[in-house]
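A.B. asks: Below is query-v8.cif; it holds mmCIF, C-alpha atoms.
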data_upload
loop_
_atom_site.group_PDB
_atom_site.id
_atom_site.type_symbol
_atom_site.label_atom_id
_atom_site.label_comp_id
_atom_site.auth_asym_id
_atom_site.auth_seq_id
_atom_site.Cartn_x
_atom_site.Cartn_y
_atom_site.Cartn_z
ATOM 1 C CA MET A 1082 0.000 0.000 0.000
ATOM 2 C CA ASN A 1083 1.347 3.398 -0.939
ATOM 3 C CA SER A 1084 1.130 6.228 1.522
ATOM 4 C CA TYR A 1085 0.846 9.839 0.491
ATOM 5 C CA ALA A 1086 1.257 12.938 2.623
ATOM 6 C CA TYR A 1087 -1.672 15.299 2.916
ATOM 7 C CA THR A 1088 -1.786 18.864 4.103
ATOM 8 C CA SER A 1089 -4.955 20.553 5.227
ATOM 9 C CA VAL A 1090 -5.572 24.174 6.049
ATOM 10 C CA VAL A 1091 -8.772 25.254 7.727
ATOM 11 C CA LEU A 1092 -9.878 28.762 6.866
ATOM 12 C CA GLN A 1093 -12.146 30.886 8.987
ATOM 13 C CA SER A 1094 -15.477 31.561 7.403
ATOM 14 C CA GLN A 1095 -16.112 34.588 5.314
ATOM 15 C CA GLU A 1096 -19.472 36.148 4.665
ATOM 16 C CA GLN A 1097 -20.992 34.417 1.684
ATOM 17 C CA SER A 1098 -23.592 35.951 -0.541
ATOM 18 C CA THR A 1099 -26.257 33.538 -1.692
ATOM 19 C CA ALA A 1100 -27.560 34.137 -5.175
ATOM 20 C CA THR A 1101 -31.275 33.474 -5.531
ATOM 21 C CA ASN A 1102 -30.794 31.314 -8.633
ATOM 22 C CA ILE A 1103 -28.496 28.804 -6.901
ATOM 23 C CA SER A 1104 -29.990 25.838 -5.091
ATOM 24 C CA TYR A 1105 -28.282 23.734 -2.425
ATOM 25 C CA ARG A 1106 -28.460 20.030 -1.640
ATOM 26 C CA CYS A 1107 -26.946 18.454 1.436
ATOM 27 C CA HIS A 1108 -25.857 14.799 1.238
ATOM 28 C CA ASN A 1109 -25.131 14.210 4.892
ATOM 29 C CA TYR A 1110 -25.538 11.350 7.336
ATOM 30 C CA ASN A 1111 -27.398 9.265 4.741
ATOM 31 C CA GLN A 1112 -29.866 12.101 4.160
ATOM 32 C CA ASN A 1113 -30.696 14.209 1.135
ATOM 33 C CA ILE A 1114 -31.804 17.656 2.248
ATOM 34 C CA GLU A 1115 -32.763 20.525 -0.054
ATOM 35 C CA ASP A 1116 -30.692 23.034 1.926
ATOM 36 C CA GLU A 1117 -27.112 23.965 2.865
ATOM 37 C CA CYS A 1118 -25.238 21.569 5.150
ATOM 38 C CA THR A 1119 -24.606 22.387 8.763
ATOM 39 C CA CYS A 1120 -21.513 20.463 9.825
ATOM 40 C CA ARG A 1121 -20.032 19.877 13.270
ATOM 41 C CA ASN A 1122 -16.910 21.781 14.419
ATOM 42 C CA THR A 1123 -14.820 18.678 13.706
ATOM 43 C CA GLU A 1124 -16.038 18.474 10.105
ATOM 44 C CA ALA A 1125 -15.399 20.307 6.885
ATOM 45 C CA ILE A 1126 -18.037 21.241 4.337
ATOM 46 C CA LEU A 1127 -17.185 19.818 0.918
ATOM 47 C CA SER A 1128 -18.912 21.490 -2.016
ATOM 48 C CA SER A 1129 -19.469 20.314 -5.570
ATOM 49 C CA PHE A 1130 -20.624 22.972 -8.025
ATOM 50 C CA GLN A 1131 -22.835 21.487 -10.717
ATOM 51 C CA ASN A 1132 -24.547 23.993 -12.998
ATOM 52 C CA ASP A 1133 -26.923 25.962 -10.731
ATOM 53 C CA THR A 1134 -26.783 23.501 -7.819
ATOM 54 C CA VAL A 1135 -24.255 23.250 -4.990
ATOM 55 C CA ILE A 1136 -24.067 19.735 -3.537
ATOM 56 C CA GLN A 1137 -22.539 19.748 -0.060
ATOM 57 C CA SER A 1138 -21.453 17.075 2.384
ATOM 58 C CA CYS A 1139 -19.635 16.946 5.727
ATOM 59 C CA CYS A 1140 -16.350 15.108 6.257
ATOM 60 C CA LEU A 1141 -14.302 14.687 9.438
ATOM 61 C CA LEU A 1142 -11.249 16.958 9.363
ATOM 62 C CA ASN A 1143 -8.869 14.215 10.535
ATOM 63 C CA LEU A 1144 -9.695 11.765 7.722
ATOM 64 C CA THR A 1145 -7.206 11.547 4.861
ATOM 65 C CA SER A 1146 -10.077 10.244 2.724
ATOM 66 C CA CYS A 1147 -11.431 13.838 2.741
ATOM 67 C CA SER A 1148 -8.260 15.090 1.071
ATOM 68 C CA GLY A 1149 -8.977 16.071 -2.510
ATOM 69 C CA CYS A 1150 -12.590 14.949 -2.182
ATOM 70 C CA GLU A 1151 -15.445 16.845 -3.827
ATOM 71 C CA ILE A 1152 -18.392 14.657 -2.746
ATOM 72 C CA TYR A 1153 -18.190 12.579 0.446
ATOM 73 C CA LYS A 1154 -21.097 10.238 1.117
ATOM 74 C CA GLU A 1155 -21.741 7.206 3.315
ATOM 75 C CA GLY A 1156 -18.219 7.043 4.723
ATOM 76 C CA HIS A 1157 -16.200 7.396 1.528
ATOM 77 C CA CYS A 1158 -15.336 9.847 -1.197
ATOM 78 C CA GLU A 1159 -17.648 9.450 -4.194
ATOM 79 C CA LYS A 1160 -15.930 12.010 -6.427
ATOM 80 C CA CYS A 1161 -12.444 13.543 -6.391
ATOM 81 C CA LEU A 1162 -11.693 17.178 -7.193
ATOM 82 C CA ALA A 1163 -10.096 18.023 -10.535
ATOM 83 C CA GLY A 1164 -6.384 17.176 -10.435
ATOM 84 C CA PHE A 1165 -6.983 14.342 -7.956
ATOM 85 C CA TYR A 1166 -7.444 10.703 -8.908
ATOM 86 C CA ARG A 1167 -8.889 7.882 -6.829
ATOM 87 C CA MET A 1168 -6.193 5.394 -5.842
ATOM 88 C CA GLU A 1169 -6.511 2.844 -3.084
ATOM 89 C CA ASP A 1170 -9.858 4.399 -2.092
ATOM 90 C CA GLU A 1171 -8.415 7.893 -1.566
ATOM 91 C CA CYS A 1172 -8.045 10.941 -3.795
ATOM 92 C CA VAL A 1173 -4.390 11.520 -4.656
ATOM 93 C CA GLY A 1174 -2.801 14.522 -6.340
ATOM 94 C CA CYS A 1175 -1.314 13.316 -9.600
ATOM 95 C CA THR A 1176 0.147 14.587 -12.880
ATOM 96 C CA ASN A 1177 0.177 12.551 -16.085
ATOM 97 C CA ASN A 1178 3.396 12.100 -18.045
ATOM 98 C CA ALA A 1179 2.817 14.650 -20.818
ATOM 99 C CA LEU A 1180 5.125 12.827 -23.231
ATOM 100 C CA PHE A 1181 3.238 9.518 -23.107
ATOM 101 C CA ILE A 1182 1.686 8.120 -26.262
ATOM 102 C CA ASP A 1183 0.866 4.453 -26.832
ATOM 103 C CA VAL A 1184 1.425 2.390 -29.980
ATOM 104 C CA ASN A 1185 -2.076 3.409 -31.201
ATOM 105 C CA GLY A 1186 -1.456 7.139 -30.673
ATOM 106 C CA ASN A 1187 -3.535 7.377 -27.457
ATOM 107 C CA THR A 1188 -2.514 9.807 -24.707
ATOM 108 C CA CYS A 1189 -3.423 9.714 -21.020
ATOM 109 C CA SER A 1190 -6.300 12.056 -21.778
ATOM 110 C CA LYS A 1191 -7.743 9.491 -24.187
ATOM 111 C CA TYR A 1192 -7.407 6.725 -21.574
ATOM 112 C CA GLU A 1193 -9.461 8.868 -19.199
ATOM 113 C CA THR A 1194 -12.140 10.217 -21.563
ATOM 114 C CA GLU A 1195 -12.707 6.856 -23.257
ATOM 115 C CA GLY A 1196 -12.836 5.037 -19.901
ATOM 116 C CA TYR A 1197 -9.994 2.601 -20.632
ATOM 117 C CA CYS A 1198 -8.946 3.059 -16.992
ATOM 118 C CA GLN A 1199 -10.903 4.163 -13.914
ATOM 119 C CA ASP A 1200 -9.881 4.929 -10.350
ATOM 120 C CA GLY A 1201 -6.306 3.766 -10.904
ATOM 121 C CA ASN A 1202 -7.377 0.474 -12.463
ATOM 122 C CA ILE A 1203 -7.202 -0.725 -16.043
ATOM 123 C CA LEU A 1204 -10.402 -2.229 -17.398
ATOM 124 C CA PRO A 1205 -9.821 -5.880 -18.425
ATOM 125 C CA GLU A 1206 -10.528 -5.343 -22.129
ATOM 126 C CA TYR A 1207 -7.789 -2.656 -22.317
ATOM 127 C CA PHE A 1208 -5.213 -4.363 -20.084
ATOM 128 C CA GLU A 1209 -2.944 -5.530 -22.926
ATOM 129 C CA ASN A 1210 -2.686 -2.066 -24.532
ATOM 130 C CA ALA A 1211 -2.356 -0.202 -21.221
ATOM 131 C CA THR A 1212 0.484 -2.394 -19.977
ATOM 132 C CA ARG A 1213 2.373 -2.599 -23.290
ATOM 133 C CA ARG A 1214 5.414 -0.342 -23.295
ATOM 134 C CA TYR A 1215 5.931 1.976 -26.218
ATOM 135 C CA GLN A 1216 8.966 4.254 -26.214
ATOM 136 C CA HIS A 1217 9.881 2.841 -22.760
ATOM 137 C CA LEU A 1218 6.560 3.759 -21.098
ATOM 138 C CA SER A 1219 3.117 2.200 -20.638
ATOM 139 C CA ALA A 1220 -0.207 3.848 -19.731
ATOM 140 C CA GLN A 1221 -0.061 1.954 -16.446
ATOM 141 C CA GLU A 1222 3.147 3.853 -15.629
ATOM 142 C CA ALA A 1223 2.353 7.233 -17.239
ATOM 143 C CA CYS A 1224 -1.356 7.914 -16.638
ATOM 144 C CA CYS A 1225 -2.924 8.832 -13.293
ATOM 145 C CA VAL A 1226 -6.270 7.310 -14.214
ATOM 146 C CA CYS A 1227 -4.481 3.966 -14.805
ATOM 147 C CA GLY A 1228 -2.586 4.102 -11.481
ATOM 148 C CA GLY A 1229 0.616 5.687 -12.827
ATOM 149 C CA GLY A 1230 1.720 9.286 -13.279
ATOM 150 C CA SER A 1231 3.574 11.383 -10.722
ATOM 151 C CA HIS A 1232 1.856 11.369 -7.339
ATOM 152 C CA PHE A 1233 2.415 14.257 -4.969
ATOM 153 C CA ALA A 1234 1.175 15.689 -1.707
ATOM 154 C CA THR A 1235 -1.169 18.489 -2.611
ATOM 155 C CA PRO A 1236 -2.063 21.288 -0.213
ATOM 156 C CA PHE A 1237 -5.785 21.808 -0.042
ATOM 157 C CA GLU A 1238 -8.082 23.829 2.134
ATOM 158 C CA TYR A 1239 -11.493 23.458 3.674
ATOM 159 C CA ARG A 1240 -13.720 26.460 4.129
ATOM 160 C CA VAL A 1241 -15.649 26.288 7.389
ATOM 161 C CA ARG A 1242 -18.237 28.668 8.676
#
Can you turn what I pasted into structure tokens?
C.D. replies:
Amino acid sequence: MNSYAYTSVVLQSQEQSTATNISYRCHNYNQNIEDECTCRNTEAILSSFQNDTVIQSCCLLNLTSCSGCEIYKEGHCEKCLAGFYRMEDECVGCTNNALFIDVNGNTCSKYETEGYCQDGNILPEYFENATRRYQHLSAQEACCVCGGGSHFATPFEYRVR
């Protein structure tokens, strides 16, 4: 099991203006509430901005599984923030090898958008291509979505009220 370092910074709340055309949903404690989340002092509010809706959830500040998480539900992260990839059930900061191209001309971006790999795993039907080295590199080694790439500790911050 790999271990990655995480850094969290808790910011004091700032006055937020609520636009009338934005709706909120709270996915918290196995509930769906049509309102903003109210989290405990030991929790952070995670927010996912989707069109005109803000989906919020609460996550304990001391959990590394909250790091890089956009939507936390039922004890685990359902969706990672952009720039984070799910690996070993956590969201990890990762950068693809920009020089990677496979024998078919596919880049890491193609592996992600076409769904050849998901959450650090290669789908069985693409395993041969993703593990085949071309120019000394395979998708499994070069692409975050396939479990490769360059992993790094990424500072992130939670906004609490």
A.B. asks: State, in Å with one decimal place, the distance from CA of Thr1119 in chain A to CA of Gly1174 in chain A.
C.D. replies: 27.7 Å
A.B. asks: Write out as a PDB file with C-alpha atoms, in the frame of the given file each polymer residue whose atoms come within 8 Å of range 1157-1169 of chain A, counting only C-alpha atoms; drop sequence neighbours fewer than 4 positions from it.
C.D. replies:
ATOM      1  CA  MET A1082       0.000   0.000   0.000  1.00  0.00           C
ATOM      2  CA  SER A1146     -10.077  10.244   2.724  1.00  0.00           C
ATOM      3  CA  CYS A1147     -11.431  13.838   2.741  1.00  0.00           C
ATOM      4  CA  GLY A1149      -8.977  16.071  -2.510  1.00  0.00           C
ATOM      5  CA  CYS A1150     -12.590  14.949  -2.182  1.00  0.00           C
ATOM      6  CA  GLU A1151     -15.445  16.845  -3.827  1.00  0.00           C
ATOM      7  CA  ILE A1152     -18.392  14.657  -2.746  1.00  0.00           C
ATOM      8  CA  TYR A1153     -18.190  12.579   0.446  1.00  0.00           C
ATOM      9  CA  VAL A1173      -4.390  11.520  -4.656  1.00  0.00           C
ATOM     10  CA  GLY A1174      -2.801  14.522  -6.340  1.00  0.00           C
ATOM     11  CA  CYS A1175      -1.314  13.316  -9.600  1.00  0.00           C
ATOM     12  CA  THR A1176       0.147  14.587 -12.880  1.00  0.00           C
ATOM     13  CA  ASP A1200      -9.881   4.929 -10.350  1.00  0.00           C
ATOM     14  CA  GLY A1201      -6.306   3.766 -10.904  1.00  0.00           C
ATOM     15  CA  CYS A1225      -2.924   8.832 -13.293  1.00  0.00           C
ATOM     16  CA  VAL A1226      -6.270   7.310 -14.214  1.00  0.00           C
ATOM     17  CA  GLY A1228      -2.586   4.102 -11.481  1.00  0.00           C
TER      18      GLY A1228
END
A.B. asks: Grab the CA of Phe1130 in chain A to CA of Tyr1197 in chain A distance for me, in Å with one decimal place.
C.D. replies: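 According to the coordinates, CA of Phe1130 in chain A and CA of Tyr1197 in chain A are separated by 26.2 Å.
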A.B. asks: So, with only C-alpha atoms as the atoms that count, which of A:Tyr1215, A:Asn1122, A:Glu1115, A:Lys1154 lies closest to Leu1142 in chain A?
C.D. replies: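 Residue with the minimum atom-to-atom distance to Leu1142 in chain A: A:Asn1122.
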A.B. asks: Under the PyMOL selection byres ((chain A and resi 1183) around 8), which residues of this model are included? Write them out as a list of chain:residue names.
C.D. replies: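 Going through the file, the PyMOL selection byres ((chain A and resi 1183) around 8) ends up selecting A:Phe1181, A:Ile1182, A:Val1184, A:Asn1185, A:Gly1186, A:Asn1187, A:Thr1188, A:Asn1210, A:Ala1211, A:Arg1214, A:Tyr1215, A:Ser1219, A:Ala1220.
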A.B. asks: Write a file of the selected residues as a PDB file, in the coordinates of the input, keeping C-alpha atoms.
C.D. replies:
ATOM      1  CA  PHE A1181       3.238   9.518 -23.107  1.00  0.00           C
ATOM      2  CA  ILE A1182       1.686   8.120 -26.262  1.00  0.00           C
ATOM      3  CA  VAL A1184       1.425   2.390 -29.980  1.00  0.00           C
ATOM      4  CA  ASN A1185      -2.076   3.409 -31.201  1.00  0.00           C
ATOM      5  CA  GLY A1186      -1.456   7.139 -30.673  1.00  0.00           C
ATOM      6  CA  ASN A1187      -3.535   7.377 -27.457  1.00  0.00           C
ATOM      7  CA  THR A1188      -2.514   9.807 -24.707  1.00  0.00           C
ATOM      8  CA  ASN A1210      -2.686  -2.066 -24.532  1.00  0.00           C
ATOM      9  CA  ALA A1211      -2.356  -0.202 -21.221  1.00  0.00           C
ATOM     10  CA  ARG A1214       5.414  -0.342 -23.295  1.00  0.00           C
ATOM     11  CA  TYR A1215       5.931   1.976 -26.218  1.00  0.00           C
ATOM     12  CA  SER A1219       3.117   2.200 -20.638  1.00  0.00           C
ATOM     13  CA  ALA A1220      -0.207   3.848 -19.731  1.00  0.00           C
TER      14      ALA A1220
END
A.B. asks: How far is it from CA of Ile1136 in chain A to CA of Gly1229 in chain A, in Å with one decimal?
C.D. replies: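 Computed distance, CA of Ile1136 in chain A to CA of Gly1229 in chain A, equals 29.9 Å.
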A.B. asks: Just checking: using all atoms listed in the file, which residue out of A:Phe1208, A:Phe1233, A:Tyr1105, A:Tyr1192 ends up closest to Ser1138 in chain A?
C.D. replies: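 Answer, going by the shortest atom-to-atom distance: A:Tyr1105.
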A.B. asks: Would you please work out which residue, of A:Glu1117, A:His1108, A:Ile1103, A:Ser1231, is nearest to Asn1132 in chain A when using all atoms listed in the file?
C.D. replies: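 Counting all atoms listed in the file, the residue closest to Asn1132 in chain A is A:Ile1103.
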A.B. asks: Could you tell me which of A:Ile1203, A:Leu1180, A:Ala1234, A:Cys1107 comes closest to Ser1129 in chain A if we count only C-alpha atoms?
C.D. replies: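 Closest candidate: A:Cys1107.
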A.B. asks: Ranking A:Arg1121, A:Cys1227, A:Ser1190, A:Thr1145 by minimum distance to Tyr1207 in chain A and counting only C-alpha atoms, which one comes first?
C.D. replies: A:Cys1227
A.B. asks: Once N, CA and C atoms are restored for range 1152-1168 of chain A, what would the output be as a CSV table (one decimal), in the frame of the given file?
C.D. replies:
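Dumped everything to part-v8.csv:
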chain,number,residue,atom,x,y,z
A,1152,ILE,N,-17.1,15.2,-3.3
A,1152,ILE,CA,-18.4,14.7,-2.7
A,1152,ILE,C,-18.1,13.5,-1.8
A,1153,TYR,N,-18.4,13.6,-0.6
A,1153,TYR,CA,-18.2,12.6,0.4
A,1153,TYR,C,-19.6,12.1,0.9
A,1154,LYS,N,-19.8,10.8,0.8
A,1154,LYS,CA,-21.1,10.2,1.1
A,1154,LYS,C,-21.0,8.8,1.7
A,1155,GLU,N,-21.7,8.5,2.7
A,1155,GLU,CA,-21.7,7.2,3.3
A,1155,GLU,C,-20.4,6.7,3.6
A,1156,GLY,N,-19.5,7.5,4.2
A,1156,GLY,CA,-18.2,7.0,4.7
A,1156,GLY,C,-17.1,6.9,3.7
A,1157,HIS,N,-17.3,7.4,2.5
A,1157,HIS,CA,-16.2,7.4,1.5
A,1157,HIS,C,-16.4,8.5,0.5
A,1158,CYS,N,-15.3,8.8,-0.2
A,1158,CYS,CA,-15.3,9.8,-1.2
A,1158,CYS,C,-15.9,9.3,-2.5
A,1159,GLU,N,-17.0,9.9,-3.0
A,1159,GLU,CA,-17.6,9.4,-4.2
A,1159,GLU,C,-17.0,10.1,-5.4
A,1160,LYS,N,-16.5,11.3,-5.3
A,1160,LYS,CA,-15.9,12.0,-6.4
A,1160,LYS,C,-14.8,12.9,-6.0
A,1161,CYS,N,-13.6,12.7,-6.7
A,1161,CYS,CA,-12.4,13.5,-6.4
A,1161,CYS,C,-12.5,14.9,-7.1
A,1162,LEU,N,-11.8,15.9,-6.5
A,1162,LEU,CA,-11.7,17.2,-7.2
A,1162,LEU,C,-10.8,17.0,-8.4
A,1163,ALA,N,-10.9,18.0,-9.3
A,1163,ALA,CA,-10.1,18.0,-10.5
A,1163,ALA,C,-8.6,18.0,-10.1
A,1164,GLY,N,-7.8,17.3,-10.8
A,1164,GLY,CA,-6.4,17.2,-10.4
A,1164,GLY,C,-6.1,16.1,-9.4
A,1165,PHE,N,-7.1,15.5,-8.9
A,1165,PHE,CA,-7.0,14.3,-8.0
A,1165,PHE,C,-7.6,13.1,-8.6
A,1166,TYR,N,-7.0,12.0,-8.3
A,1166,TYR,CA,-7.4,10.7,-8.9
A,1166,TYR,C,-7.6,9.7,-7.8
A,1167,ARG,N,-8.6,8.9,-7.9
A,1167,ARG,CA,-8.9,7.9,-6.8
A,1167,ARG,C,-7.9,6.7,-7.0
A,1168,MET,N,-7.1,6.5,-5.9
A,1168,MET,CA,-6.2,5.4,-5.8
A,1168,MET,C,-6.3,4.8,-4.4
